[in-house]
Each structure stands twice: as C-alpha cells, then as structure tokens.
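To be precise, the following lines are final01.cif, and they hold mmCIF, C-alpha atoms.
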data_structure
loop_
_atom_site.label_atom_id
_atom_site.label_comp_id
_atom_site.auth_asym_id
_atom_site.auth_seq_id
_atom_site.Cartn_x
_atom_site.Cartn_y
_atom_site.Cartn_z
CA MET A 1 -10.62 74.40 14.85
CA GLY A 2 -9.22 71.24 13.41
CA ILE A 3 -9.04 67.58 14.18
CA ASN A 4 -5.48 66.41 14.56
CA ASN A 5 -5.23 62.67 14.75
CA GLY A 6 -2.03 61.45 16.36
CA GLY A 7 -0.96 64.71 18.08
CA PRO A 8 0.25 68.16 16.95
CA GLY A 9 3.21 66.80 14.99
CA GLY A 10 1.06 64.31 13.13
CA PRO A 11 1.25 60.56 13.59
CA SER A 12 4.64 58.90 13.81
CA ILE A 13 5.48 56.04 11.52
CA GLY A 14 8.63 53.98 11.78
CA LYS A 15 10.98 52.48 14.33
CA ASN A 16 12.24 54.15 17.50
CA LYS A 17 14.42 51.99 19.77
CA ASN A 18 12.24 48.96 20.52
CA TYR A 19 9.00 50.66 19.49
CA VAL A 20 7.49 50.49 16.04
CA SER A 21 4.58 52.61 14.77
CA TYR A 22 2.53 52.02 11.67
CA PHE A 23 -0.92 52.39 10.08
CA ARG A 24 -3.14 49.32 10.04
CA MET A 25 -6.82 48.97 9.16
CA GLY A 26 -7.72 52.61 9.91
CA GLN A 27 -5.67 52.88 13.10
CA TYR A 28 -2.25 54.19 14.08
CA ILE A 29 -0.55 51.49 16.12
CA THR A 30 2.55 51.65 18.32
CA ARG A 31 3.93 48.48 19.78
CA THR A 32 7.17 47.06 21.14
CA ILE A 33 9.33 44.72 19.13
CA GLY A 34 11.50 42.01 20.52
CA GLU A 35 11.46 38.35 21.39
CA ILE A 36 9.49 37.11 24.39
CA THR A 37 10.95 33.92 25.78
CA SER A 38 8.86 33.15 28.86
CA TRP A 39 5.16 33.28 29.57
CA THR A 40 2.98 33.09 32.66
CA GLU A 41 0.58 30.22 33.37
CA PRO A 42 -2.58 32.09 32.20
CA GLN A 43 -0.73 33.05 29.03
CA TYR A 44 0.09 29.40 28.35
CA GLU A 45 -3.56 28.55 28.93
CA ASN A 46 -4.67 31.22 26.46
CA GLN A 47 -2.15 29.94 23.90
CA MET A 48 -3.56 26.42 24.27
CA ARG A 49 -7.17 27.63 23.90
CA MET A 50 -6.17 29.66 20.85
CA GLY A 51 -4.35 26.65 19.34
CA LEU A 52 -7.35 24.35 19.75
CA THR A 53 -9.72 26.93 18.27
CA THR A 54 -7.61 27.83 15.25
CA ALA A 55 -7.08 24.13 14.47
CA PHE A 56 -10.87 23.79 14.30
CA LEU A 57 -11.58 27.03 12.41
CA LYS A 58 -8.84 26.89 9.76
CA PRO A 59 -10.38 24.15 7.58
CA VAL A 60 -13.84 25.77 7.76
CA LYS A 61 -12.54 29.28 7.09
CA GLN A 62 -14.34 29.69 3.77
CA PHE A 63 -17.56 28.82 5.60
CA THR A 64 -17.07 31.27 8.48
CA ASP A 65 -15.98 34.00 6.05
CA VAL A 66 -19.48 33.82 4.56
CA GLY A 67 -21.19 33.16 7.87
CA PHE A 68 -19.77 36.21 9.69
CA ARG A 69 -19.33 38.62 6.77
CA TYR A 70 -22.32 40.85 7.55
CA CYS A 71 -22.80 40.19 11.27
CA PRO A 72 -22.22 43.20 13.55
CA LYS A 73 -18.71 43.36 14.97
CA PRO A 74 -17.48 45.29 18.03
CA LYS A 75 -14.78 47.14 16.09
CA SER A 76 -14.35 48.26 12.50
CA THR A 77 -10.94 46.54 12.45
CA TRP A 78 -12.49 43.11 12.99
CA GLY A 79 -12.91 40.82 10.01
CA ALA A 80 -15.05 37.72 9.72
CA TYR A 81 -12.30 35.41 10.95
CA THR A 82 -11.54 37.53 14.02
CA MET A 83 -15.22 37.47 14.93
CA ALA A 84 -15.39 33.68 14.51
CA LEU A 85 -12.24 33.21 16.56
CA SER A 86 -13.43 35.48 19.34
CA LEU A 87 -16.82 33.76 19.68
CA ASN A 88 -15.56 30.20 19.39
CA ARG A 89 -12.58 30.56 21.70
CA LYS A 90 -14.96 31.22 24.57
CA ALA A 91 -17.66 28.82 23.39
CA ILE A 92 -15.93 25.58 22.42
CA THR A 93 -12.94 25.15 24.72
CA THR A 94 -13.91 23.22 27.86
CA GLY A 95 -12.11 21.84 30.89
CA ILE A 96 -9.44 23.19 33.22
CA TYR A 97 -5.90 23.89 32.04
CA PRO A 98 -3.90 21.79 31.10
CA ASN A 99 -6.73 19.32 30.30
CA LEU A 100 -8.52 21.46 27.73
CA ASP A 101 -10.73 19.96 25.05
CA ILE A 102 -13.11 21.01 22.29
CA ASP A 103 -16.89 20.78 22.67
CA PHE A 104 -18.02 20.59 19.04
CA SER A 105 -21.70 20.94 19.91
CA LYS A 106 -21.15 24.55 20.97
CA ALA A 107 -19.33 25.80 17.89
CA ILE A 108 -20.76 28.86 16.13
CA LEU A 109 -20.02 28.96 12.41
CA SER A 110 -22.44 31.67 11.26
CA MET A 111 -24.51 34.41 12.87
CA GLY A 112 -27.51 36.28 11.45
CA ASP A 113 -31.20 37.06 11.68
CA LEU A 114 -32.72 34.35 9.45
CA PRO A 115 -34.60 31.68 11.42
CA VAL A 116 -32.48 28.59 12.13
CA PRO A 117 -33.24 25.34 10.22
CA LYS A 118 -36.03 23.50 12.02
CA ASN A 119 -35.95 19.75 12.67
CA ALA A 120 -32.45 19.60 11.18
CA GLU A 121 -31.11 16.05 11.07
CA VAL A 122 -28.28 14.07 9.53
CA ASN A 123 -28.10 10.45 8.44
CA LEU A 124 -25.14 8.41 7.24
CA THR A 125 -25.75 5.62 4.74
CA ASP A 126 -23.05 4.06 2.51
CA SER A 127 -20.65 6.97 3.03
CA ILE A 128 -23.25 9.54 1.98
CA ILE A 129 -24.22 12.16 4.56
CA LYS A 130 -27.83 13.28 4.15
CA PHE A 131 -28.91 16.55 5.76
CA SER A 132 -32.66 17.05 6.12
CA TRP A 133 -34.79 19.85 7.55
CA SER A 134 -38.34 21.20 7.33
CA ALA A 135 -38.87 24.19 5.06
CA GLU A 136 -41.09 26.19 7.48
CA LEU A 137 -42.17 28.77 4.91
CA GLU A 138 -44.76 30.36 7.27
CA HIS A 139 -42.02 32.25 9.11
CA ALA A 140 -41.96 35.98 8.25
CA LYS A 141 -38.26 36.03 7.35
CA ALA A 142 -38.19 32.71 5.49
CA ASP A 143 -37.98 32.87 1.70
CA GLU A 144 -38.32 30.14 -0.91
CA SER A 145 -35.01 31.02 -2.52
CA ASP A 146 -32.95 30.54 0.69
CA ARG A 147 -30.26 27.93 0.41
CA VAL A 148 -28.47 25.83 3.00
CA MET A 149 -24.77 25.70 3.82
CA CYS A 150 -23.37 22.50 5.33
CA VAL A 151 -20.15 21.40 7.02
CA ALA A 152 -18.75 17.94 7.66
CA TYR A 153 -15.67 18.27 9.89
CA PHE A 154 -13.25 15.41 10.58
CA PRO A 155 -11.37 15.87 13.88
CA GLU A 156 -9.09 12.91 13.08
CA ASN A 157 -7.25 14.56 10.20
CA GLY A 158 -8.32 18.15 10.90
CA GLN A 159 -9.99 18.61 7.53
CA ALA A 160 -13.50 19.53 6.47
CA LEU A 161 -15.88 19.26 3.52
CA THR A 162 -18.04 22.34 3.07
CA VAL A 163 -21.06 23.14 0.89
CA LEU A 164 -21.43 26.91 0.61
CA SER A 165 -24.38 27.02 -1.78
CA GLY A 166 -26.43 23.91 -1.24
CA ALA A 167 -30.02 22.86 -1.85
CA LYS A 168 -32.93 25.30 -1.67
CA ARG A 169 -34.98 25.56 1.50
CA THR A 170 -37.95 23.88 -0.19
CA GLU A 171 -35.95 20.81 -1.31
CA GLU A 172 -35.48 19.77 2.33
CA GLU A 173 -32.49 17.57 1.51
CA GLN A 174 -28.75 18.00 0.88
CA THR A 175 -26.10 15.30 0.51
CA ILE A 176 -22.33 15.20 0.92
CA VAL A 177 -20.53 12.20 -0.60
CA LEU A 178 -17.57 11.18 1.58
CA PRO A 179 -14.24 10.08 0.12
CA SER A 180 -13.55 6.35 0.59
CA PHE A 181 -11.86 6.29 3.99
CA THR A 182 -9.91 3.28 5.20
CA GLU A 183 -9.94 4.00 8.93
CA GLU A 184 -12.75 4.81 11.33
CA MET A 185 -13.84 8.41 11.19
CA VAL A 186 -15.76 10.73 13.47
CA ILE A 187 -17.74 13.40 11.64
CA GLU A 188 -19.14 16.60 13.17
CA THR A 189 -21.89 18.25 11.14
CA TYR A 190 -23.36 21.75 11.00
CA ILE A 191 -26.02 23.46 8.89
CA CYS A 192 -27.34 27.00 8.34
CA TYR A 193 -29.43 29.02 5.87
CA ILE A 194 -28.22 31.77 3.55
CA SER A 195 -30.39 34.19 1.58
CA GLU A 196 -30.24 34.47 -2.20
CA ASP A 197 -28.30 37.77 -2.12
CA ARG A 198 -25.84 36.11 0.34
CA LYS A 199 -26.20 39.00 2.78
CA ARG A 200 -28.36 37.39 5.44
CA VAL A 201 -27.59 34.11 7.17
CA SER A 202 -29.10 32.15 10.02
CA ASN A 203 -27.22 31.00 13.11
CA SER A 204 -25.53 27.68 12.53
CA VAL A 205 -27.06 24.54 14.03
CA TYR A 206 -25.05 21.58 15.30
CA THR A 207 -26.72 18.55 13.75
CA GLY A 208 -24.72 15.94 15.62
CA GLN A 209 -21.83 13.52 15.48
CA LEU A 210 -21.62 10.66 12.98
CA HIS A 211 -19.36 7.61 13.07
CA TRP A 212 -18.07 6.13 9.84
CA SER A 213 -16.65 2.63 10.04
CA LYS A 214 -15.70 -0.03 7.50
CA SER A 215 -18.55 -2.50 7.08
CA MET B 1 14.10 29.04 21.81
CA GLU B 2 16.61 29.59 19.07
CA GLN B 3 20.22 29.25 20.06
CA LYS B 4 22.58 31.86 18.79
CA LEU B 5 25.87 30.83 17.27
CA GLU B 6 28.97 32.39 18.84
CA ILE B 7 31.15 33.17 15.88
CA MET B 8 34.81 34.08 16.22
CA ALA B 9 35.46 34.83 12.58
CA ARG B 10 33.85 34.70 9.22
CA VAL B 11 35.79 33.61 6.16
CA ALA B 12 35.11 36.28 3.58
CA LYS B 13 36.61 34.56 0.57
CA ILE B 14 37.40 30.95 -0.11
CA GLY B 15 41.12 30.66 -0.81
CA PRO B 16 42.97 28.78 -3.54
CA LEU B 17 43.13 25.66 -1.38
CA GLY B 18 39.35 25.31 -1.45
CA ASN B 19 36.87 25.26 1.41
CA LEU B 20 38.21 25.61 4.94
CA ARG B 21 37.13 22.86 7.34
CA GLY B 22 38.41 21.46 10.64
CA LYS B 23 40.70 22.54 13.48
CA VAL B 24 43.16 25.38 13.02
CA GLY B 25 45.10 26.02 16.24
CA GLU B 26 42.60 27.40 18.81
CA GLY B 27 39.69 27.55 16.38
CA VAL B 28 37.60 25.20 14.32
CA ALA B 29 36.38 26.05 10.83
CA SER B 30 32.98 24.84 9.69
CA LYS B 31 30.06 25.68 7.43
CA TRP B 32 27.02 27.32 9.01
CA ARG B 33 24.08 27.89 6.61
CA SER B 34 25.89 29.52 3.68
CA LEU B 35 28.89 30.89 5.56
CA THR B 36 32.27 29.43 6.39
CA VAL B 37 32.90 30.40 10.01
CA ILE B 38 35.63 29.87 12.55
CA LYS B 39 34.52 29.21 16.13
CA SER B 40 36.65 28.81 19.24
CA LEU B 41 37.19 25.26 20.44
CA PRO B 42 34.70 24.15 23.08
CA ALA B 43 35.99 23.49 26.62
CA LYS B 44 36.24 19.92 27.75
CA ARG B 45 33.21 18.55 29.57
CA THR B 46 33.87 17.91 33.28
CA LYS B 47 30.40 17.04 34.61
CA LYS B 48 28.68 13.72 34.03
CA GLN B 49 26.01 13.80 31.33
CA ARG B 50 22.40 13.75 32.36
CA LYS B 51 20.05 11.01 31.15
CA LYS B 52 17.74 13.42 29.35
CA ARG B 53 20.60 14.81 27.32
CA LEU B 54 21.87 11.36 26.43
CA SER B 55 18.46 10.31 25.20
CA GLN B 56 18.30 13.41 23.01
CA GLN B 57 21.69 12.59 21.55
CA LEU B 58 20.26 9.26 20.43
CA SER B 59 16.87 10.41 19.17
CA LEU B 60 17.67 13.67 17.40
CA PRO B 61 20.08 12.18 14.81
CA LEU B 62 17.46 9.50 14.12
CA VAL B 63 14.87 12.11 13.10
CA SER B 64 17.23 14.52 11.36
CA GLY B 65 19.00 11.66 9.59
CA PHE B 66 15.71 10.30 8.31
CA LEU B 67 14.47 13.71 7.17
CA GLY B 68 17.86 14.47 5.61
CA ASN B 69 16.90 12.15 2.75
CA PHE B 70 14.14 14.53 1.72
CA VAL B 71 15.69 18.00 1.94
CA HIS B 72 14.30 19.02 -1.44
CA GLU B 73 10.70 18.08 -0.55
CA ILE B 74 10.94 19.71 2.89
CA LYS B 75 12.17 22.96 1.34
CA ILE B 76 8.89 23.05 -0.59
CA GLY B 77 6.64 21.64 2.13
CA PHE B 78 7.85 23.64 5.14
CA HIS B 79 8.52 26.86 3.24
CA ASN B 80 7.26 29.73 5.38
CA LYS B 81 8.53 33.27 4.92
CA GLN B 82 7.39 34.47 8.34
CA ALA B 83 8.73 31.54 10.36
CA LYS B 84 11.84 32.06 12.43
CA LEU B 85 13.25 28.63 11.64
CA PRO B 86 14.45 27.60 8.19
CA PRO B 87 12.40 24.79 6.58
CA PHE B 88 14.57 21.84 7.53
CA GLN B 89 14.92 22.84 11.18
CA ALA B 90 11.16 23.45 11.34
CA ALA B 91 10.54 19.96 9.92
CA VAL B 92 12.90 18.33 12.44
CA LYS B 93 11.23 20.20 15.31
CA TYR B 94 7.73 19.29 14.15
CA ASN B 95 8.46 15.61 13.58
CA TYR B 96 10.64 15.19 16.68
CA GLU B 97 7.67 16.21 18.82
CA ARG B 98 5.12 14.06 17.00
CA ALA B 99 6.59 11.16 15.07
CA LEU B 100 9.10 9.73 17.54
CA LEU B 101 8.24 6.38 19.17
CA GLY B 102 9.71 4.57 22.17
CA THR B 103 11.91 5.50 25.12
CA SER B 104 15.66 5.74 25.49
CA PRO B 105 17.64 3.94 24.12
CA ASP B 106 15.14 2.21 21.78
CA PHE B 107 13.80 4.92 19.53
CA SER B 108 11.98 4.45 16.25
CA ILE B 109 10.03 6.57 13.80
CA ASP B 110 6.26 6.34 13.44
CA TYR B 111 6.02 6.56 9.66
CA LYS B 112 2.27 7.18 9.73
CA LYS B 113 2.77 10.38 11.70
CA VAL B 114 5.70 11.85 9.76
CA VAL B 115 4.81 15.13 8.07
CA PHE B 116 6.71 16.63 5.11
CA SER B 117 4.46 19.54 4.34
CA LEU B 118 2.10 21.90 6.17
CA GLY B 119 -0.43 24.17 4.51
CA ASP B 120 -4.02 25.25 3.91
CA ARG B 121 -4.61 23.60 0.55
CA GLU B 122 -6.86 20.58 0.22
CA ILE B 123 -5.20 17.27 1.11
CA ALA B 124 -4.99 14.10 -0.98
CA TRP B 125 -8.24 12.49 0.19
CA ALA B 126 -8.42 8.69 0.58
CA GLY B 127 -4.89 8.05 -0.69
CA LYS B 128 -3.92 4.51 -1.65
CA VAL B 129 -0.81 2.64 -2.81
CA VAL B 130 -1.01 -0.64 -4.72
CA ALA B 131 2.04 -2.64 -5.82
CA GLU B 132 2.03 -3.11 -9.60
CA GLY B 133 4.85 -4.83 -11.50
CA ASN B 134 8.18 -3.24 -10.63
CA GLY B 135 6.56 -0.24 -9.09
CA ALA B 136 3.43 1.06 -7.53
CA ARG B 137 0.25 2.87 -8.47
CA ILE B 138 -0.65 5.80 -6.26
CA SER B 139 -4.22 7.04 -6.30
CA TRP B 140 -6.38 9.58 -4.50
CA GLU B 141 -9.82 11.13 -4.77
CA ILE B 142 -11.36 14.54 -5.19
CA PRO B 143 -14.50 14.98 -3.09
CA GLN B 144 -17.70 16.20 -4.72
CA THR B 145 -17.64 19.41 -2.68
CA SER B 146 -14.22 20.52 -3.99
CA LYS B 147 -13.83 23.01 -6.81
CA ILE B 148 -12.00 20.91 -9.35
CA LYS B 149 -11.27 23.87 -11.64
CA LEU B 150 -9.46 25.65 -8.82
CA ILE B 151 -7.44 22.74 -7.47
CA GLY B 152 -7.24 20.37 -10.46
CA GLU B 153 -3.94 21.83 -11.70
CA ASP B 154 -2.16 21.25 -8.37
CA ILE B 155 1.16 19.47 -8.71
CA ALA B 156 1.70 16.18 -6.87
CA ASN B 157 4.83 15.86 -4.71
CA LEU B 158 5.83 12.32 -3.77
CA VAL B 159 8.07 11.15 -0.93
CA ILE B 160 9.28 7.53 -0.77
CA PHE B 161 11.38 5.85 1.91
CA ASN B 162 12.93 2.37 1.88
CA ALA B 163 12.58 1.13 5.49
CA THR B 164 14.45 -2.14 4.84
CA LYS B 165 17.67 -0.52 3.62
CA ASP B 166 17.10 2.79 5.42
CA LEU B 167 17.51 4.98 2.34
CA ARG B 168 15.65 6.94 -0.29
CA PRO B 169 15.06 4.63 -3.27
CA GLY B 170 15.61 5.59 -6.87
CA TYR B 171 12.43 5.94 -8.90
CA GLU B 172 11.00 7.31 -12.10
CA TRP B 173 7.65 8.97 -12.56
CA GLN B 174 5.87 11.55 -14.65
CA LEU B 175 4.84 14.84 -13.13
CA SER B 176 1.15 14.53 -12.31
CA THR B 177 -1.60 16.93 -11.36
CA ARG B 178 -4.45 16.44 -8.92
CA ALA B 179 -6.97 15.97 -11.75
CA ASP B 180 -5.09 12.84 -12.94
CA LEU B 181 -6.36 11.03 -9.80
CA SER B 182 -3.54 8.45 -10.00
CA PHE B 183 -0.05 7.84 -11.40
CA TYR B 184 2.36 4.96 -11.85
CA ILE B 185 5.87 5.04 -10.45
CA ARG B 186 8.65 2.68 -11.51
CA ILE B 187 11.05 1.79 -8.71
CA GLN B 188 14.67 1.00 -9.50
CA ARG B 189 16.07 -2.51 -9.12
CA GLY B 190 17.87 -1.86 -5.82
CA SER B 191 14.64 -1.52 -3.87
CA TRP B 192 12.52 -4.28 -5.40
CA GLY B 193 10.65 -6.26 -2.74
CA ASP B 194 11.72 -3.96 0.07
CA HIS B 195 9.39 -2.29 2.54
CA LEU B 196 8.57 1.10 1.01
CA HIS B 197 6.59 3.94 2.60
CA PHE B 198 4.78 6.61 0.56
CA TRP B 199 3.65 10.15 1.34
CA LEU B 200 1.95 12.67 -0.94
CA PHE B 201 1.25 16.38 -0.87
CA PHE B 202 0.05 18.95 -3.42
CA THR B 203 1.39 22.37 -4.27
CA SER B 204 -0.46 25.05 -6.22
CA PRO B 205 0.74 25.72 -9.80
CA ASP B 206 2.31 29.04 -8.73
CA GLY B 207 4.05 27.24 -5.86
CA LYS B 208 2.70 29.62 -3.23
CA THR B 209 0.41 27.34 -1.24
CA ARG B 210 0.63 23.67 -0.30
CA SER B 211 -1.39 20.97 1.39
CA ASN B 212 -0.58 18.88 4.45
CA SER B 213 1.29 15.73 3.49
CA GLN B 214 -0.63 12.47 3.83
CA TYR B 215 0.69 8.99 4.56
CA MET B 216 -0.49 6.93 1.60
CA GLY B 217 0.54 3.48 2.82
CA SER B 218 3.34 0.98 2.29
CA ILE B 219 4.17 -1.92 -0.03
CA GLY B 220 6.43 -4.95 0.41
CA SER B 221 7.68 -6.22 3.74
#

Would you put the structure from the file into structure tokens?
Amino acid sequence: MGINNGGPGGPSIGKNKNYVSYFRMGQYITRTIGEITSWTEPQYENQMRMGLTTAFLKPVKQFTDVGFRYCPKPKSTWGAYTMALSLNRKAITTGIYPNLDIDFSKAILSMGDLPVPKNAEVNLTDSIIKFSWSAELEHAKADESDRVMCVAYFPENGQALTVLSGAKRTEEEQTIVLPSFTEEMVIETYICYISEDRKRVSNSVYTGQLHWSKS
Amino acid sequence: MEQKLEIMARVAKIGPLGNLRGKVGEGVASKWRSLTVIKSLPAKRTKKQRKKRLSQQLSLPLVSGFLGNFVHEIKIGFHNKQAKLPPFQAAVKYNYERALLGTSPDFSIDYKKVVFSLGDREIAWAGKVVAEGNGARISWEIPQTSKIKLIGEDIANLVIFNATKDLRPGYEWQLSTRADLSFYIRIQRGSWGDHLHFWLFFTSPDGKTRSNSQYMGSIGS
C-alpha cells in the first residue's frame, strides 16, 4: 500500500488552458488564471474591509510578526501576517457598507498566554509618550525578565513607531519620543509583554488615544 | 480597467528617413511605449460629448502634465514589478484620484496630497524646508525607535516644483543619505523668489525598497 498525493499519475504542475497548478507552502494548488473585471456588492465590501485592515497592519507588520509568530494557527500554510489579517479584519472594521470605518480599540496585535499588562496607561507630555503599568509579579506566568512591546500608530499619515524590545516588566515605564510634528496628530497606542526567549507573548492591550497639538 | 490598443501594424525597423510619425493615407503612425505603430484613423465623432467626458479632458492633462516633469523620480518611486500598470500611468492614476481639487472647469492640484513614491520603508519624519540664501535647507528627523544602522544609508530623492512658472526648476545638490539629517540645495537664477514646493522620499542603497514621499513644505510666494 502506498500514499499517492495528487492522484495515480502524480501531481500536475504547469499551465493547462486557463488553469495553472503549482506547489506552494506544502500544498498542490490548482487555480484559474485570467482577468476579472466586475465584482458583486459583497465582494466590493470585502475588498474595502481588506483595504482598511491592510492599511492599518502594514506599518506595524514587524510588531505583528513577533506577536503572532508562535500563536496557534488554523492551517500550517498560515504565517503571522495572515493570522493578524484574519483576526483584525473581523475585529476592527465597523459600520455598514459603504460607510465602513476602523475601530482602533478592538485591534489585536499579539496573541499568547502571558498575562496582559495590568493598569496599563499612557501619558503625553512635551511630545514624549510615557507607557506605564504595574509589574504584578505574583502571577504564576509572570517573570522578572519579561519585556514590553509598544506601538504608537498615526492614522493621519498611516505610519507607526514601534518598540519591539522595551523596558523590563519591573521598570514599569517605557517612553517613545515623537518626531517634531507641525500639524495636529492623533495617536493610537498599544502595549503587550514578551518573554525573554521571545517565544511567549501576552495579548495586546489598547491603551487609548492621544492627541498631539502645537502648544 | 486597462484599455487595449488596437494596432494595425508595427514598424519593425526605423528607415533611413528617421522615425515615422503622423498620418499616412488611412493610417496614423505614432510611438506607443517603445514601439512605432500604425493605427487606423479614428471615425469622426457624431454624438455630442457628455459633460463627464469633457471634465476629464480638462483634468487629466493637468495631472499628467504636472507629473510629466518628474518622470525620472516616478520611475523610481512607483516601480513595482507585479503591478499591471507601468510606473508613470500608476502615478497618474493614483494622483488623479487623490490630489485633484475643484470641479469642472476650474481644476487645480493639491500639492500637499501629491505622491511621487509608494513603499514600505520609513518615511522622512517631520520634514522641513527653510529658505537660505539662493536656495533652501531641507531637514528631517530619525525617531529614537528607528534602527539607524539599517536605514541610515538610505538615499534621499528630492522633487521640486516651481508653481509660479509651472515648471521644474534647475538646482544643484549633493547626494545625501538619511543619516545626514539635512542638506542644502542651490536653486538656479531663473526660479529665485518663486513659489517652490518640495517633496522627499528615501530609497534603500540597493534600490529595491522605497518610502512614501512626503510633502516637505514650500518657500517663496
């Protein structure tokens, strides 16, 4: 007895009329090729949701790559970015098509079994963002060597500042110095823990919206 | 949707009389991308033109004419191997949808929203332009969170537009990297005192990735 993946003649690779078959990430794939020129209403809605989500996730990609690296995924073909996209597309887009919007408070930037930062807060003084939290070392999974990861996302220009290896859990304070902006800025902030071996993370916590203005 | 060009003939070799252009009997010879092609003459229009089409005939040359000054920069900034459109057409499409102001027939360009480059690399944070002598000093910042060793060698790409005379001014400058944090540019006599707009974007040393372009500001009036 033998296992014959892809039928008795073996898997097919190559182009046949408007079908193309190839090997990708441990799977044999066959799909049609050709240009699609019209879409249905639900397809347009999905495209808009996808567009809003990718615009948010692209600048924080290096953060989500760490945040979702070791979290369980439904398929072996899924990477960290696919996982982040899948979760956030459902979580952050709100409203009814075509008036869709992003709810930043529901974004998920990391997923894991460490306890989330307790009493996490942010303050903005003189264009310095200060993250603070309480160490909470009594928790069974909390370790002194855990570090924090922080994000400051700017919806105005679609860019983000990320700290991937910040202060230790016991320091209870992490700062991000902002560049000298000239126009008013809205800042969305997130924080999470990461273990010393960078294999375990906590869920990310939305620490709130900040407003920077010239004064 | 991309329109396909109906070609009647392709000129294989350019003859001794040079490049073929213009009407020849029933056909018209022109250049399309890198080819010299002969197309059949279009039929004469019999229906009245619609308003929407007329407004596009006014606005599209405004955008493509403006961007035509910066073909070299756009070839770098909008370079994308997987995209269906070539860089310049992609730039016109992107800016036509975002940077066009007003309604027909009074169109203008929103210089703050014009984009010359799209990419994942870090932008020029907090960009500034200050007039200095016969030129300008352009400066930017590198945030504390950035990895300066990874992005410090990035090459600065500058775009300048003279809004008073509606042209690209002549200028001299030294090639700068992101780690320099600022550079001085000397503008040629023809554009002294005119209203100049500045944009900046960075490309990686190997030229493979680029940042979004940022509007740095304007000098003069």

- Message: Since I can't run it myself right now, could you work out what the PyMOL selection byres ((chain B) within 7 of (chain A)) selects here and report it as a VMD selection string?
- Response: chain B and resid 125 to 126 141 143 to 145

- So what do you get for atom CA of Asn99 of chain A versus atom CA of Ser204 of chain A, distance-wise?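 Pair atom CA of Asn99 of chain A / atom CA of Ser204 of chain A returns 27.2 Å.
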
- Note on the structure: Students should find that atom CA of Gln27 of chain A and atom CA of Pro8 of chain A are spaced 16.8 Å

- Expand the PyMOL selection byres ((chain A and resi 191-201) around 8) into the individual residues it matches in the shown file, reporting them as a ChimeraX atom specification. /A:66-67,69-70,110-114,116-117,120,143,145-151,169,189-190,202-207

- Excluding segment 154-171 of chain B and any residue of its chain fewer than 3 positions from it, enumerate the residues within 6 Å of it, using only C-alpha atoms, and give them as an NGL selection string. :B and (151 or 176-178 or 186-188 or 194-205)

- Query: What separation in Å, quoted to one decimal, exists between atom CA of Lys52 of chain B and atom CA of Gly102 of chain B?
  - Reply: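 Interatomic distance, atom CA of Lys52 of chain B to atom CA of Gly102 of chain B: 13.9 Å.
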
- Task: Scan for residues within 9 Å of the point (-0.7, 3.8, 0.7) in the coordinates of the file, using all atoms listed in the file, and reply as a ChimeraX atom specification.
- Result: /B:127-130,138-139,197-199,215-219

- Message: Nearest residue to Gly207 of chain B out of B:Leu101, B:Gly77, B:Phe88, B:Asp180, using all atoms listed in the file?
- Response: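 Result for the nearest residue to Gly207 of chain B: B:Gly77.
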
- List every protein, DNA or RNA residue that has an atom no more than 12 Å from (-2.6, 49.7, 13.4) in the file's coordinate frame, counting all atoms listed in the file, and report them as a PyMOL selection string. chain A and resi 11-13+20-31+76-78

Can I get the selection written as a PDB file, in the frame of the given file, with C-alpha atoms?
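Output saved as result_13.pdb:
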ATOM      1  CA  PRO A  11       1.250  60.560  13.590  1.00  0.00           C
ATOM      2  CA  SER A  12       4.640  58.900  13.810  1.00  0.00           C
ATOM      3  CA  ILE A  13       5.480  56.040  11.520  1.00  0.00           C
ATOM      4  CA  VAL A  20       7.490  50.490  16.040  1.00  0.00           C
ATOM      5  CA  SER A  21       4.580  52.610  14.770  1.00  0.00           C
ATOM      6  CA  TYR A  22       2.530  52.020  11.670  1.00  0.00           C
ATOM      7  CA  PHE A  23      -0.920  52.390  10.080  1.00  0.00           C
ATOM      8  CA  ARG A  24      -3.140  49.320  10.040  1.00  0.00           C
ATOM      9  CA  MET A  25      -6.820  48.970   9.160  1.00  0.00           C
ATOM     10  CA  GLY A  26      -7.720  52.610   9.910  1.00  0.00           C
ATOM     11  CA  GLN A  27      -5.670  52.880  13.100  1.00  0.00           C
ATOM     12  CA  TYR A  28      -2.250  54.190  14.080  1.00  0.00           C
ATOM     13  CA  ILE A  29      -0.550  51.490  16.120  1.00  0.00           C
ATOM     14  CA  THR A  30       2.550  51.650  18.320  1.00  0.00           C
ATOM     15  CA  ARG A  31       3.930  48.480  19.780  1.00  0.00           C
ATOM     16  CA  SER A  76     -14.350  48.260  12.500  1.00  0.00           C
ATOM     17  CA  THR A  77     -10.940  46.540  12.450  1.00  0.00           C
ATOM     18  CA  TRP A  78     -12.490  43.110  12.990  1.00  0.00           C
TER      19      TRP A  78
END

- Query: So which residues get picked by the PyMOL selection byres ((chain A and resi 91-93) around 8) here, written as a ChimeraX atom specification?
  - Reply: /A:49,52-53,87-90,94-95,100-108

As JSON, please: the centre and edge lengths in Å, to one decimal, of an axis-aligned box enclosing every listed atom of segment 42-51 of chain B with 3 Å added on each side.
{"center_x": 28.1, "center_y": 17.6, "center_z": 28.8, "size_x": 22.2, "size_y": 19.1, "size_z": 17.5}

- Excluding Val186 of chain A and any residue of its chain fewer than 4 positions from it, enumerate the residues within 12 Å of it, using all atoms listed in the file, and give them as number ranges by chain. A: 104, 124, 152-160, 181, 208-213

- Item | All residues 8 Å or closer to segment 108-116 of chain B, only C-alpha atoms, same chain fewer than 5 positions away omitted, as an MDAnalysis selection string | chainID B and resid 62:63 73:74 77:78 91 94:95 98:102 197 212:215

- For each of B:Ala179, B:Ala136, B:Ile142, B:Ala83, take the minimum atom-to-atom distance to Ile123 of chain B, counting all atoms listed in the file, then give the residue where this is smallest.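 Of B:Ala179, B:Ala136, B:Ile142, B:Ala83, the one nearest Ile123 of chain B is B:Ile142, counting all atoms listed in the file.
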
- Query: Hey, which of B:Lys147, B:Gln57, B:Ala131, B:Leu118 ends up closest to Pro105 of chain B? Count only C-alpha atoms.
  - Reply: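 When distances to Pro105 of chain B are compared using only C-alpha atoms, the smallest one comes from B:Gln57.
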
- May I ask which of the residues B:Arg45, B:Leu150, B:Val92, B:Ile38 is the closest one to Phe66 of chain B, counting all atoms listed in the file?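 Under the stated criterion, the closest residue is B:Val92.
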
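Remark: for Val122 of chain A, the closest of the candidate residues A:Met48, A:Cys71, A:Ile187, A:Ile3 is A:Ile187 (distances computed over all atoms listed in the file).
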